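Before any comments, here is the structure.
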Amino acid sequence: MSVREIFQNMTYGTAPEAPDVAKAWLDAHGRKFDLFINNQWEAPKDATYLTTYAPATTEKLADVADAKAADVSAAYDAARAAFPKWSALSGHTRARFMYAIARNLQKHSRLLAVLESLDNGKTIRETRDLDVPLAARHFYHHAGWAQLMEHELAEYAPVGVVGQIIPWNFPLLMLAWKIAPAIAMGNTVVIKPAPFTPLTALLFAEIVAESGLPPGVINIVTGGDDAGIAITAHTGFDKIAFTGSTNVGKIIRRATAGRGIKLSLELGGKSPFIVFDDADQDAAVEGLVDAIWFNQGQVCCAGSRLLVQESIAEGFYAKVRARMGKLRIGHSLDKSIDIGAIIDPTQRETIEGWVKRGAAEGANVYQPECELPSQGCWFPPTLITNVEPASAIVQEEIFGPVVVAMPFRSHKEAIALANNTRYGLAASVWSENVNLSLDVATKIKAGSVWVNCTNLFDAASGFGGYRESGYGREGGREGLFEYVRPKWQTEKSRTTKNTKDTKKENGHVSAPFPASVTTRTSTSELPSIDRTAKLFIGGKQARPDGNYVRPILNADGSRAGDVGDGNRKDIRDAVEAARSAQESWAGKNGHARAQILYYLAENLSARADEFAKRIAALTGCKLNEGRAEVEQSIERLFTYAAYADKYGGTIQETTLRGIVLGVSEPVGVIGIACPNDAPLLAFVSLTAAAICRGNAVVVIPSERYPLIATDFYQVIETSDVPGGVINIVTGARETLVKTLAEHDHVESVWYFGTQDGVTLVEKASADNMKRTWAEPEGWRDWRDDSQSTGEAILHEAVQVKNIWLPTGE
Amino acid sequence: MTIPDLSAKHTDSRANGTQAAHARNPGMPLDLGWVKAARVNKSAAERRAATMGTRRSVKKDTQAAWLLRAITCIDLTTLSGDDTPSNVQRLCAKARQPVRQEMLDALGVGDLGITTGAVCVYHNRVADAVRALEGTNIPVAAVSTGFPAGLSPLKTRIEEIKASVAAGAKEIDIVISREHAINQNWQALYDEVRQFREACGDAHMKSILATGELPHLRSVMMASLVCMMAGSDFIKTSTGKEPVNATLEVSLVMLRAIRAYQERTGIKVGFKPAGGIRTAKQIMNFQILMKEELGDDWLFPDLFRVGASGLLTDIERQLSHHLTGRYAADYYMPMG
């Protein structure tokens with residue numbers, strides 16, 4: 001078109017970013033890449049390679065090694081060998097290496113941006129303005145954490161060697177999110193990029209070498225499913241971090257269950273984008289563009305469920321449709337496009353399948369008239385209305401440029417609709433009313449809530465999910481905990497038992513029928529009044545559903561009493577009670593929760609002698625040891641009463657102008673299976689840690705010494721604990737905890753028991769991706785404050801939600 | 001107050017032009033409910049404005065064409081206390097021939113009669129400009145109503161409009177009383193602008209909001225709506241004399257007001273950023289903003305003007321670079 005014609009019709013034309021340098025870099029490598037192990041290129045052992053293509057043109061870009069188990073193993077060995085030296089470096093030294101990486105990322109930023117855009121098909125605008133700068137920012141921020149680790153995380157040590165698996169939608173950025181916190185905390189890594197998008201990771205490998213990192217600290221193994229499976233199957237890794245689909249996340253959780261490793265999973269989403277009638281609607285329309293048409297909607301936290309107040313819904317949809325007409329689709333390197341290519345034809349078919357299914361279910365599918373390039377893999381922006389929560393396309397993650405829209409009547413209904421999902425990754429709330437938007441932000445179950453903004457990320461703000469969106473955070477102080485353990489844990493093998501536990505052989509797990517006739521009951525002439533402990537559910541003592549009891553014996557073999565033998569229905573009832581109590585308990589202010597914990601301490605203290613005698617009789621310890629355990633339990637109640645109003649969160653120092661609140665929210669309903677060791681102290685410590693932060697609990701007390709917990713009913717009853725906040729079900733620990741771990745309304749399970757039990761709990765947790773804190777009993781010393789109080793424990797009682805609040809009038 | 005029928009067909013017969021004729025804005029009764037329902041989120045507006053130039057890129061022939069189009073939208077302006085007939089005459093000559101003819105020929109547009117959109121001066125220089133532009137279709141715009149502060153007596157301000165129209169100004173750039181916008185006295189603002197519009201008669205009225213002196217973006221949105229309801233043909237950001245002039249986020253808000261007004265009334269109102277726009281890069285960001293937020297109609301001089309002086313030289317240098325591949329010095333470009 002001539003200047004003269006354009007002068008009259010004012011069209012855009014094309015503005016291609018030149019790929020010359022990126023292609024020259026590929027050519028310099030002969031368009032073939034090996035594995036990056038020990039800062040060297042290593043050919044894959046079976047010499048197989050896979051090909052990566054440019055989605056925008058289907059042109060072949062390069063062959064990259066297709067790693068198999070043997071290659072992963074070699075990479076692991078390199079990382080393991082590098083670990084002692086790397087972890088022993090001073091934080092300052094690691095900070096210097098990371099600073100160098102950050103600087104080199106910036107120096108090569110355009111090459112990285114062009115390469116990423118070619119390999120992924122996403123727009124050069126996004127790689128240039130978002131992916132690469134955010135990746136560099138992540139290394140800068142975490143260079144700072146390396147620098148400060150010795151002071152800020154003095155009680156923690158690196159976990160060891162970390163296996164990391166990242167997806168294709170943000171190849172370089174996810175690499176940064178994984179590697180930066182890991183190496184900052186002194187770990188070494190083996191990372192596997194996605195097979196569709198390996199190239200920026202390979203360029204990053206050269207940046208690692210350029211930055212002078214010691215060999216073996218960062219190892220990059222390209223490959224497909226085989227390599228991924230090999231990482232999850234390799235038992236040497238101390239931690240696995242995964243970003244990807246919820247289904248694969250579940251497979252990884254099950255595969256690694258019982259291994260005693262740390263696991264963080266950042267999974268799928270179906271995030272709500274909520275527009276209230278007092279929103280700046282034009283701003284919200286642009287927000288929606290960034291929410292669902294950013295990166296072709298191939299974003300785990302994409303705002304894919306549009307919820308609009310009924311009074312403005314039709315007008316808002318019209319604005320969205322008008323805006324969609326302005327979106328330009330095209331080659332990823334064109335600087336004037338909004339939507340790039342879909343990663344692969346298989347993904348495109350999946351997206352199309354969902355849209356067709358929606359249409360078949362009666363939904364209105366709107367796609368603007370837009371030119372799609374003849375070559376490459378494309379999908380037009382799509383708005384789907386006339387859908388309901390019952391529609392499959394409203395429930396399932398589509399992972400494409402498709403948004404489903406529904407009206408709501410009130411803010412309560414908006415919250416209900418927003419939370420009506422198995423996921424909980426992110427949410428976006430649009431309203432000019434600060435009361436309304438903050439209220440909604442605090443009530444949505446999601447790890448990131450953006451008020452009047454969307455899809456903002458920063459290294460200082462932990463990103464991660466609630467529910468089936470996974471667990472663990474990436475970024476911020478909260479994200480560091482994924483890559484450290486308390487020092488005592490790294491110094492003491494999980495199978496090492498406490499030598500202090502002298503009474504573990506005492507007690508007795510009885511079958512649910514009368515004690516043997518040889519069991520001594522009472523020596524006095526006058527029979528004692530029978531006390532059969534029931535279960536404690538919803539603030540009341542409840543008869544066990546099965547109507548069986550178990551006799552409990554003292555250490556000397558005499559009969560101590562009976563406890564109810566709870567079953568799965570009792571667990572069900574207890575969870576229902578906990579669930580209905582939890583929200584209002586969390587809604588109490590910290591001061592009020594603290595008062596109740598102090599009251600528990602007061603009432604326990606009043607009966608200290610009785611509890612001490614009971615501990616001594618049941619466990620066979622000396623009376624003064626029993627007294628000490630009661631005293632320490634009282635102290636623990638004070639500790640967690642103190643924390644009830646001192647662990648609410650932080651202000652995150654992101655790059656946003658405004659405020660980002662890192663709110664430590666309760667996890668919800670926590671199931672707790674107590675160890676036999678320190679039966680009162682462990683029970684009190686765990687329960688208090690959970691409830692001080694607003695959780696409600698279902699506790700299975702020590703299986704050998706459950707009477708200590710049943711005696712505690714009266715302490716609870718006299719201490720103003722609202723019904724349902726603490727529920728206690730006695731019985732067979734492994735049977736009961738299985739029901740808890742499988743219960744979708746239990747958000748976390750804390751388990752202290754056998755190795756088999758750990759495996760069982762972790763495996764069963766995968767169904768709703770609940771969090772777990774499971775370890776062999778006897779490992780942790782409940783009497784040791786450094787092991788059994790403090791941030792490492794509180795961390796288990798909260799989940800961090802980041803609320804982004806831009807400011808300015 | 002009665003609403004006089006101010007509707008008339010606007011036709012733009014200039015070679016610069018152009019688009020199909022569209023109706024002049026007749027205004028409408030003040031709708032306070034609409035005004036007060038305005039919502040503007042500042043940080044979101046900033047984000048949109050900041051990414052405007054990163055989402056679209058205009059290069060090569062397209063860039064040359066767009067810059068030529070931008071020239072036709074310039075209100076080539078001089079608003080200085082030391083303006084005399086001679087420098088106004090020089091400016092008018094530049095308006096007639098904004099780019100060297102051989103460059104226009106080389107670009108293939110030498111026969112299109114490209115001129116700037118208008119020449120913009122103070123009242124006392126209107127007659128000089130009209131004389132200097134005789135034989136062209138370039139209109140003379142006069143800043144009026146006690147420009148830039150707008151604090152003269154109302155009667156004087158209305159008389160000033162009438163005097164400029166009588167002297168041959170085809171366009172009148174009025175300034176609003178910031179006091180009314182700051183105190184949200186929308187009825188007073190409406191009444192004032194309505195009277196200005198009546199005084200303008202057939203001359204087109206551009207209402208300057210002086211956004212740099214308004215408290216926030218929401219008040220910019222509200223004042224934009226009120227000025228359009230009162231019959232403005234254009235709304236304009238700034239006098240060029242405020243501490244902050246035409247920013248992209250302020251412009252974004254005004255364009256959204258224009259869009260809302262069109263959605264409700266069907267009437268297209270023009271937009272004029274002014275003040276601080278000195279580079280080709282800047283004006284292209286404005287053009288992208290116009291195209292994205294409003295559409296192609298708003299890239300032509302009947303709906304888009306930019307108040308500037310130095311901008312033209314920078315555009316000429318870019319055009320020269322486009323033609324020669326060499327970076328040009330400003331002294332190769334004739335002064336305006």
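Ordering of the structure tokens sets the chain letters (A, B, ...); residue numbers start at 1 within each chain; ligands are numbered from 1 in the order shown.
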>> With only C-alpha atoms considered, list every residue of chain A at most 7 Å from chain B, as an MDAnalysis selection string.
In response: chainID A and resid 3:4 6:7 10 12:13 15 125 279:280 283 326 335:338 452:453 806:809
> Could you pull the residues within 12 Å of A:Val761, counting only C-alpha atoms, minus those fewer than 5 positions along the same chain, as a ChimeraX atom specification?
Replying inline: /A:253-254,256-260,671-673,733-743,748-756,766-767,769-776
Convert the current residue selection to file output with N, CA and C atoms, as a tab-separated table (two decimals), in the first residue's frame.
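Contents of the output file part-v3.tsv:
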chain	number	residue	atom	x	y	z
A	253	ARG	N	1.86	-35.77	43.04
A	253	ARG	CA	1.62	-35.92	44.48
A	253	ARG	C	1.57	-37.40	44.87
A	254	ARG	N	0.85	-38.18	44.08
A	254	ARG	CA	0.73	-39.60	44.42
A	254	ARG	C	2.07	-40.30	44.27
A	256	THR	N	5.04	-39.21	44.60
A	256	THR	CA	6.08	-38.86	45.57
A	256	THR	C	5.61	-39.08	47.01
A	257	ALA	N	4.40	-39.59	47.19
A	257	ALA	CA	3.84	-39.73	48.53
A	257	ALA	C	4.74	-40.62	49.40
A	258	GLY	N	4.94	-40.17	50.61
A	258	GLY	CA	5.68	-40.97	51.57
A	258	GLY	C	7.18	-40.82	51.49
A	259	ARG	N	7.64	-40.05	50.50
A	259	ARG	CA	9.09	-39.95	50.32
A	259	ARG	C	9.73	-38.95	51.28
A	260	GLY	N	8.91	-38.19	51.93
A	260	GLY	CA	9.46	-37.23	52.89
A	260	GLY	C	10.09	-36.02	52.24
A	671	GLY	N	-7.41	-31.43	59.56
A	671	GLY	CA	-7.49	-32.71	60.26
A	671	GLY	C	-6.14	-33.01	60.88
A	672	ILE	N	-6.15	-33.40	62.16
A	672	ILE	CA	-4.88	-33.62	62.87
A	672	ILE	C	-4.87	-35.02	63.46
A	673	ALA	N	-3.86	-35.81	63.13
A	673	ALA	CA	-3.67	-37.11	63.77
A	673	ALA	C	-2.43	-37.00	64.66
A	733	ARG	N	-6.29	-44.72	64.51
A	733	ARG	CA	-5.73	-43.55	63.84
A	733	ARG	C	-5.66	-43.69	62.33
A	734	GLU	N	-5.13	-44.82	61.87
A	734	GLU	CA	-4.90	-44.94	60.43
A	734	GLU	C	-6.22	-44.98	59.65
A	735	THR	N	-7.22	-45.62	60.25
A	735	THR	CA	-8.52	-45.71	59.58
A	735	THR	C	-9.17	-44.33	59.53
A	736	LEU	N	-9.12	-43.65	60.65
A	736	LEU	CA	-9.79	-42.35	60.73
A	736	LEU	C	-9.08	-41.31	59.86
A	737	VAL	N	-7.77	-41.35	59.85
A	737	VAL	CA	-7.05	-40.31	59.11
A	737	VAL	C	-7.24	-40.50	57.61
A	738	LYS	N	-7.48	-41.72	57.19
A	738	LYS	CA	-7.72	-41.95	55.76
A	738	LYS	C	-9.00	-41.20	55.34
A	739	THR	N	-10.02	-41.32	56.16
A	739	THR	CA	-11.26	-40.60	55.86
A	739	THR	C	-11.03	-39.09	55.83
A	740	LEU	N	-10.23	-38.62	56.77
A	740	LEU	CA	-9.92	-37.18	56.78
A	740	LEU	C	-9.17	-36.76	55.52
A	741	ALA	N	-8.17	-37.57	55.15
A	741	ALA	CA	-7.34	-37.21	54.00
A	741	ALA	C	-8.15	-37.26	52.71
A	742	GLU	N	-9.17	-38.08	52.70
A	742	GLU	CA	-9.98	-38.20	51.48
A	742	GLU	C	-11.13	-37.19	51.44
A	743	HIS	N	-11.38	-36.53	52.57
A	743	HIS	CA	-12.55	-35.65	52.66
A	743	HIS	C	-12.27	-34.34	51.90
A	748	SER	N	-6.47	-29.36	54.96
A	748	SER	CA	-5.10	-29.80	55.23
A	748	SER	C	-5.14	-30.93	56.24
A	749	VAL	N	-4.20	-31.83	56.14
A	749	VAL	CA	-4.09	-32.91	57.14
A	749	VAL	C	-2.69	-32.88	57.73
A	750	TRP	N	-2.67	-32.88	59.06
A	750	TRP	CA	-1.40	-32.97	59.78
A	750	TRP	C	-1.34	-34.36	60.39
A	751	TYR	N	-0.30	-35.06	60.06
A	751	TYR	CA	-0.26	-36.46	60.48
A	751	TYR	C	1.09	-36.80	61.10
A	752	PHE	N	1.04	-37.46	62.24
A	752	PHE	CA	2.25	-37.90	62.93
A	752	PHE	C	2.04	-39.34	63.32
A	753	GLY	N	2.66	-40.24	62.56
A	753	GLY	CA	2.42	-41.65	62.84
A	753	GLY	C	3.44	-42.50	62.12
A	754	THR	N	2.94	-43.53	61.48
A	754	THR	CA	3.87	-44.48	60.85
A	754	THR	C	4.27	-43.97	59.46
A	755	GLN	N	5.32	-44.57	58.94
A	755	GLN	CA	5.74	-44.24	57.59
A	755	GLN	C	4.64	-44.60	56.59
A	756	ASP	N	3.98	-45.73	56.81
A	756	ASP	CA	2.88	-46.11	55.92
A	756	ASP	C	1.76	-45.07	55.98
A	766	ALA	N	-4.19	-36.14	47.31
A	766	ALA	CA	-4.12	-35.67	45.92
A	766	ALA	C	-5.50	-35.42	45.33
A	767	ASP	N	-6.52	-36.09	45.87
A	767	ASP	CA	-7.83	-35.99	45.23
A	767	ASP	C	-8.37	-34.57	45.22
A	769	MET	N	-6.24	-32.03	46.22
A	769	MET	CA	-5.00	-31.27	46.35
A	769	MET	C	-4.92	-30.54	47.70
A	770	LYS	N	-5.36	-31.23	48.76
A	770	LYS	CA	-5.22	-30.58	50.07
A	770	LYS	C	-3.75	-30.58	50.47
A	771	ARG	N	-3.43	-29.64	51.32
A	771	ARG	CA	-2.08	-29.60	51.84
A	771	ARG	C	-1.90	-30.72	52.86
A	772	THR	N	-0.67	-31.13	53.06
A	772	THR	CA	-0.39	-32.11	54.11
A	772	THR	C	0.85	-31.68	54.87
A	773	TRP	N	0.87	-32.06	56.12
A	773	TRP	CA	2.08	-31.95	56.93
A	773	TRP	C	2.16	-33.31	57.61
A	774	ALA	N	2.92	-34.21	57.03
A	774	ALA	CA	2.92	-35.59	57.49
A	774	ALA	C	4.35	-36.04	57.74
A	775	GLU	N	4.59	-36.60	58.91
A	775	GLU	CA	5.94	-37.06	59.22
A	775	GLU	C	5.87	-38.21	60.21
A	776	PRO	N	6.92	-39.00	60.25
A	776	PRO	CA	6.93	-40.13	61.19
A	776	PRO	C	6.95	-39.62	62.62
>> With DSSP run on the backbone, what are the strand (DSSP E or B) residues within stretch 60-151 of chain B? I'd like them as an MDAnalysis selection string.
In response: chainID B and resid 74:77 118:121 140:143
Filtering to N, CA and C atoms, could you give me those residues as a JSON list (two decimals), in the first residue's frame?
[["chain", "number", "residue", "atom", "x", "y", "z"],
["B", 74, "ILE", "N", -2.78, 19.41, 12.68],
["B", 74, "ILE", "CA", -2.13, 20.37, 13.58],
["B", 74, "ILE", "C", -2.84, 21.72, 13.52],
["B", 75, "ASP", "N", -3.18, 22.23, 14.69],
["B", 75, "ASP", "CA", -3.52, 23.65, 14.81],
["B", 75, "ASP", "C", -2.20, 24.35, 15.09],
["B", 76, "LEU", "N", -1.59, 24.85, 14.03],
["B", 76, "LEU", "CA", -0.27, 25.45, 14.17],
["B", 76, "LEU", "C", -0.42, 26.73, 14.98],
["B", 77, "THR", "N", 0.27, 26.81, 16.08],
["B", 77, "THR", "CA", -0.11, 27.75, 17.12],
["B", 77, "THR", "C", 1.01, 28.70, 17.49],
["B", 118, "ALA", "N", -5.25, 24.10, 10.98],
["B", 118, "ALA", "CA", -5.66, 25.48, 11.24],
["B", 118, "ALA", "C", -4.43, 26.24, 11.72],
["B", 119, "VAL", "N", -4.61, 27.53, 11.85],
["B", 119, "VAL", "CA", -3.62, 28.33, 12.55],
["B", 119, "VAL", "C", -4.32, 28.91, 13.77],
["B", 120, "CYS", "N", -3.64, 28.86, 14.89],
["B", 120, "CYS", "CA", -4.29, 29.24, 16.14],
["B", 120, "CYS", "C", -3.55, 30.41, 16.78],
["B", 121, "VAL", "N", -4.28, 31.50, 17.01],
["B", 121, "VAL", "CA", -3.67, 32.73, 17.53],
["B", 121, "VAL", "C", -4.60, 33.39, 18.57],
["B", 140, "VAL", "N", -8.77, 29.94, 10.63],
["B", 140, "VAL", "CA", -8.07, 30.57, 11.75],
["B", 140, "VAL", "C", -8.85, 30.27, 13.02],
["B", 141, "ALA", "N", -8.11, 29.79, 14.00],
["B", 141, "ALA", "CA", -8.72, 29.54, 15.30],
["B", 141, "ALA", "C", -8.24, 30.61, 16.26],
["B", 142, "ALA", "N", -9.16, 31.09, 17.07],
["B", 142, "ALA", "CA", -8.79, 32.09, 18.07],
["B", 142, "ALA", "C", -8.98, 31.51, 19.46],
["B", 143, "VAL", "N", -7.95, 31.66, 20.29],
["B", 143, "VAL", "CA", -8.21, 31.34, 21.70],
["B", 143, "VAL", "C", -8.99, 32.50, 22.28]]
> Can you tell me, as a list in words, what residues are no more than 6 Å from stretch 33-39 of chain A when counting only C-alpha atoms, ignoring any on the same chain fewer than 4 positions away?
Replying inline: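 Near neighbours after the sequence-gap exclusion: Ala43, Val64, Ala65, Ala75, Ala78, Ala209, Pro215, Gly216, Asn219, Ile220 and Val221 of chain A.
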>> Residues within 9 Å of B:His123, please, as a PyMOL selection string. Count only C-alpha atoms; anything in the same chain fewer than 5 positions from it doesn't count.
In response: chain B and resi 141-144+160-161+163-164+167+169
>> List as a PyMOL selection string the protein and nucleic acid residues near B:Ile208, meaning an atom at most 8 Å away when only C-alpha atoms are counted, but skip any in the same chain fewer than 3 places from it.
In response: chain B and resi 173-176+235-239
Excluding same-chain residues fewer than 5 positions from stretch 374-386 of chain A, what lies within 8 Å of it counting only C-alpha atoms, as a CSV table (one decimal) with N, CA and C atoms, in the first residue's frame?
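Saved file selection-v9.csv follows:
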chain,number,residue,atom,x,y,z
A,55,PRO,N,5.2,-21.6,16.6
A,55,PRO,CA,3.8,-21.8,16.4
A,55,PRO,C,3.2,-20.8,15.4
A,56,ALA,N,3.9,-19.7,15.3
A,56,ALA,CA,3.3,-18.6,14.4
A,56,ALA,C,3.5,-19.0,12.9
A,57,THR,N,4.5,-19.9,12.6
A,57,THR,CA,4.7,-20.2,11.2
A,57,THR,C,4.8,-21.7,11.0
A,58,THR,N,4.9,-22.4,12.0
A,58,THR,CA,5.2,-23.9,12.0
A,58,THR,C,6.6,-24.2,11.5
A,293,TRP,N,-7.0,-12.3,27.3
A,293,TRP,CA,-6.4,-12.3,26.0
A,293,TRP,C,-4.9,-12.1,26.1
A,321,ARG,N,-17.5,-6.7,23.5
A,321,ARG,CA,-17.6,-7.1,22.1
A,321,ARG,C,-17.0,-6.1,21.2
A,324,MET,N,-13.3,-6.3,21.5
A,324,MET,CA,-12.7,-7.5,20.9
A,324,MET,C,-12.5,-7.2,19.4
A,329,ILE,N,-4.7,-10.1,15.6
A,329,ILE,CA,-4.0,-11.4,15.8
A,329,ILE,C,-3.0,-11.6,14.7
A,340,GLY,N,-1.2,-13.7,19.9
A,340,GLY,CA,-0.3,-14.4,19.1
A,340,GLY,C,-0.8,-15.8,18.8
A,341,ALA,N,0.1,-16.7,18.5
A,341,ALA,CA,-0.3,-18.1,18.1
A,341,ALA,C,-0.6,-19.0,19.3
A,342,ILE,N,-1.4,-19.9,19.1
A,342,ILE,CA,-1.7,-21.0,20.1
A,342,ILE,C,-0.5,-21.9,20.1
A,343,ILE,N,-0.1,-22.5,21.2
A,343,ILE,CA,1.2,-23.2,21.3
A,343,ILE,C,1.3,-24.4,20.3
A,344,ASP,N,0.2,-25.1,20.1
A,344,ASP,CA,0.3,-26.3,19.3
A,344,ASP,C,-1.1,-26.7,18.8
A,345,PRO,N,-1.2,-27.3,17.6
A,345,PRO,CA,-2.5,-27.7,17.1
A,345,PRO,C,-3.3,-28.5,18.1
A,348,ARG,N,-5.0,-26.1,20.3
A,348,ARG,CA,-6.0,-25.4,19.6
A,348,ARG,C,-7.3,-26.3,19.4
A,358,GLY,N,-19.7,-25.8,24.4
A,358,GLY,CA,-20.5,-24.8,25.0
A,358,GLY,C,-21.6,-24.4,24.1
A,362,GLY,N,-26.0,-24.7,24.3
A,362,GLY,CA,-26.9,-23.6,24.2
A,362,GLY,C,-26.3,-22.3,24.5
A,363,ALA,N,-25.0,-22.2,24.7
A,363,ALA,CA,-24.4,-20.9,25.0
A,363,ALA,C,-24.3,-20.0,23.7
A,364,ASN,N,-24.2,-18.7,23.9
A,364,ASN,CA,-24.0,-17.8,22.8
A,364,ASN,C,-22.5,-17.6,22.7
A,365,VAL,N,-22.0,-17.9,21.5
A,365,VAL,CA,-20.5,-17.8,21.3
A,365,VAL,C,-20.3,-16.6,20.4
A,366,TYR,N,-19.5,-15.6,20.9
A,366,TYR,CA,-19.2,-14.5,20.1
A,366,TYR,C,-17.7,-14.4,19.8
A,367,GLN,N,-17.4,-14.3,18.5
A,367,GLN,CA,-16.0,-14.1,18.0
A,367,GLN,C,-16.1,-13.0,17.0
A,368,PRO,N,-15.2,-12.0,17.2
A,368,PRO,CA,-15.2,-10.9,16.3
A,368,PRO,C,-14.7,-11.3,14.9
A,400,GLY,N,-7.2,-21.1,26.9
A,400,GLY,CA,-7.2,-20.5,25.6
A,400,GLY,C,-7.9,-19.1,25.7
A,401,PRO,N,-8.1,-18.4,24.6
A,401,PRO,CA,-8.6,-17.0,24.6
A,401,PRO,C,-10.1,-17.0,24.7
A,402,VAL,N,-10.6,-17.7,25.7
A,402,VAL,CA,-12.1,-17.9,25.8
A,402,VAL,C,-12.6,-17.5,27.2
A,403,VAL,N,-13.5,-16.6,27.2
A,403,VAL,CA,-14.0,-16.2,28.5
A,403,VAL,C,-15.5,-16.5,28.6
A,404,VAL,N,-16.0,-17.0,29.7
A,404,VAL,CA,-17.4,-17.3,29.9
A,404,VAL,C,-17.9,-16.2,30.8
A,405,ALA,N,-19.1,-15.8,30.5
A,405,ALA,CA,-19.7,-14.6,31.3
A,405,ALA,C,-21.0,-14.9,31.9
A,406,MET,N,-21.2,-14.5,33.1
A,406,MET,CA,-22.5,-14.7,33.8
A,406,MET,C,-22.8,-13.5,34.6
> Can you list every residue in stretch 150-282 of chain B that DSSP puts in helix (DSSP H, G or I), as a ChimeraX atom specification?
Replying inline: /B:154-166,178-182,186-200,211-213,217-229,248-265,280-282
Do you know which residues are at most 10 Å from A:Arg422 counting only C-alpha atoms, after dropping those on the same chain fewer than 4 positions away, and could you put them as a PDB file with N, CA and C atoms, in the first residue's frame?
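The file below, part_30.pdb, is the result:
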ATOM      1  N   GLY A 268      -3.811 -25.503  37.866  1.00  0.00           N
ATOM      2  CA  GLY A 268      -4.749 -24.803  36.994  1.00  0.00           C
ATOM      3  C   GLY A 268      -5.621 -23.791  37.709  1.00  0.00           C
ATOM      4  N   GLY A 269      -6.491 -23.173  36.933  1.00  0.00           N
ATOM      5  CA  GLY A 269      -7.398 -22.196  37.510  1.00  0.00           C
ATOM      6  C   GLY A 269      -8.583 -21.927  36.605  1.00  0.00           C
ATOM      7  N   LYS A 270      -9.575 -21.307  37.193  1.00  0.00           N
ATOM      8  CA  LYS A 270     -10.729 -20.818  36.432  1.00  0.00           C
ATOM      9  C   LYS A 270     -11.127 -19.542  37.154  1.00  0.00           C
ATOM     10  N   GLN A 395     -16.983 -24.656  34.344  1.00  0.00           N
ATOM     11  CA  GLN A 395     -16.246 -25.340  35.414  1.00  0.00           C
ATOM     12  C   GLN A 395     -14.809 -25.668  35.025  1.00  0.00           C
ATOM     13  N   GLU A 396     -14.595 -25.972  33.749  1.00  0.00           N
ATOM     14  CA  GLU A 396     -13.312 -26.534  33.347  1.00  0.00           C
ATOM     15  C   GLU A 396     -12.382 -25.458  32.799  1.00  0.00           C
ATOM     16  N   TYR A 466      -5.087 -21.751  46.104  1.00  0.00           N
ATOM     17  CA  TYR A 466      -5.908 -22.424  47.092  1.00  0.00           C
ATOM     18  C   TYR A 466      -6.483 -23.648  46.367  1.00  0.00           C
ATOM     19  N   ARG A 467      -7.015 -24.567  47.138  1.00  0.00           N
ATOM     20  CA  ARG A 467      -7.770 -25.695  46.593  1.00  0.00           C
ATOM     21  C   ARG A 467      -6.964 -26.459  45.528  1.00  0.00           C
ATOM     22  N   GLU A 468      -7.641 -26.842  44.430  1.00  0.00           N
ATOM     23  CA  GLU A 468      -6.963 -27.666  43.426  1.00  0.00           C
ATOM     24  C   GLU A 468      -6.037 -26.856  42.518  1.00  0.00           C
ATOM     25  N   SER A 469      -5.871 -25.573  42.827  1.00  0.00           N
ATOM     26  CA  SER A 469      -4.849 -24.800  42.112  1.00  0.00           C
ATOM     27  C   SER A 469      -3.464 -25.060  42.688  1.00  0.00           C
ATOM     28  N   ASP A 744     -13.116 -34.004  50.943  1.00  0.00           N
ATOM     29  CA  ASP A 744     -12.871 -32.805  50.138  1.00  0.00           C
ATOM     30  C   ASP A 744     -13.024 -31.514  50.940  1.00  0.00           C
ATOM     31  N   ASN A 768      -8.203 -33.840  46.324  1.00  0.00           N
ATOM     32  CA  ASN A 768      -8.622 -32.432  46.272  1.00  0.00           C
ATOM     33  C   ASN A 768      -7.426 -31.506  46.429  1.00  0.00           C
ATOM     34  N   MET A 769      -6.238 -32.033  46.225  1.00  0.00           N
ATOM     35  CA  MET A 769      -4.999 -31.265  46.352  1.00  0.00           C
ATOM     36  C   MET A 769      -4.917 -30.544  47.696  1.00  0.00           C
TER      37      MET A 769
END
> With only C-alpha atoms as the basis for distance, which of B:Arg24, B:Leu30, B:Val130, B:Ile172 is at the shortest distance from B:Asp191?
Replying inline: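 The shortest atom-to-atom distance to B:Asp191 comes from B:Leu30.
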>> Please report the interatomic distance between atom CA of A:Asn247 and atom CA of A:Phe294 in Å with one decimal.
In response: 23.5 Å
> So how far away is atom CA of A:Leu267 from atom CA of A:Leu61, in Å?
Replying inline: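 That distance, rounded to one decimal, is 28.4 Å.
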> Nearest to A:Gly620 among A:Val575, A:Leu553, A:Leu327, A:Cys300, with distances taken over only C-alpha atoms: which residue is it?
Replying inline: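 Using only C-alpha atoms, the shortest distance to A:Gly620 belongs to A:Leu553.
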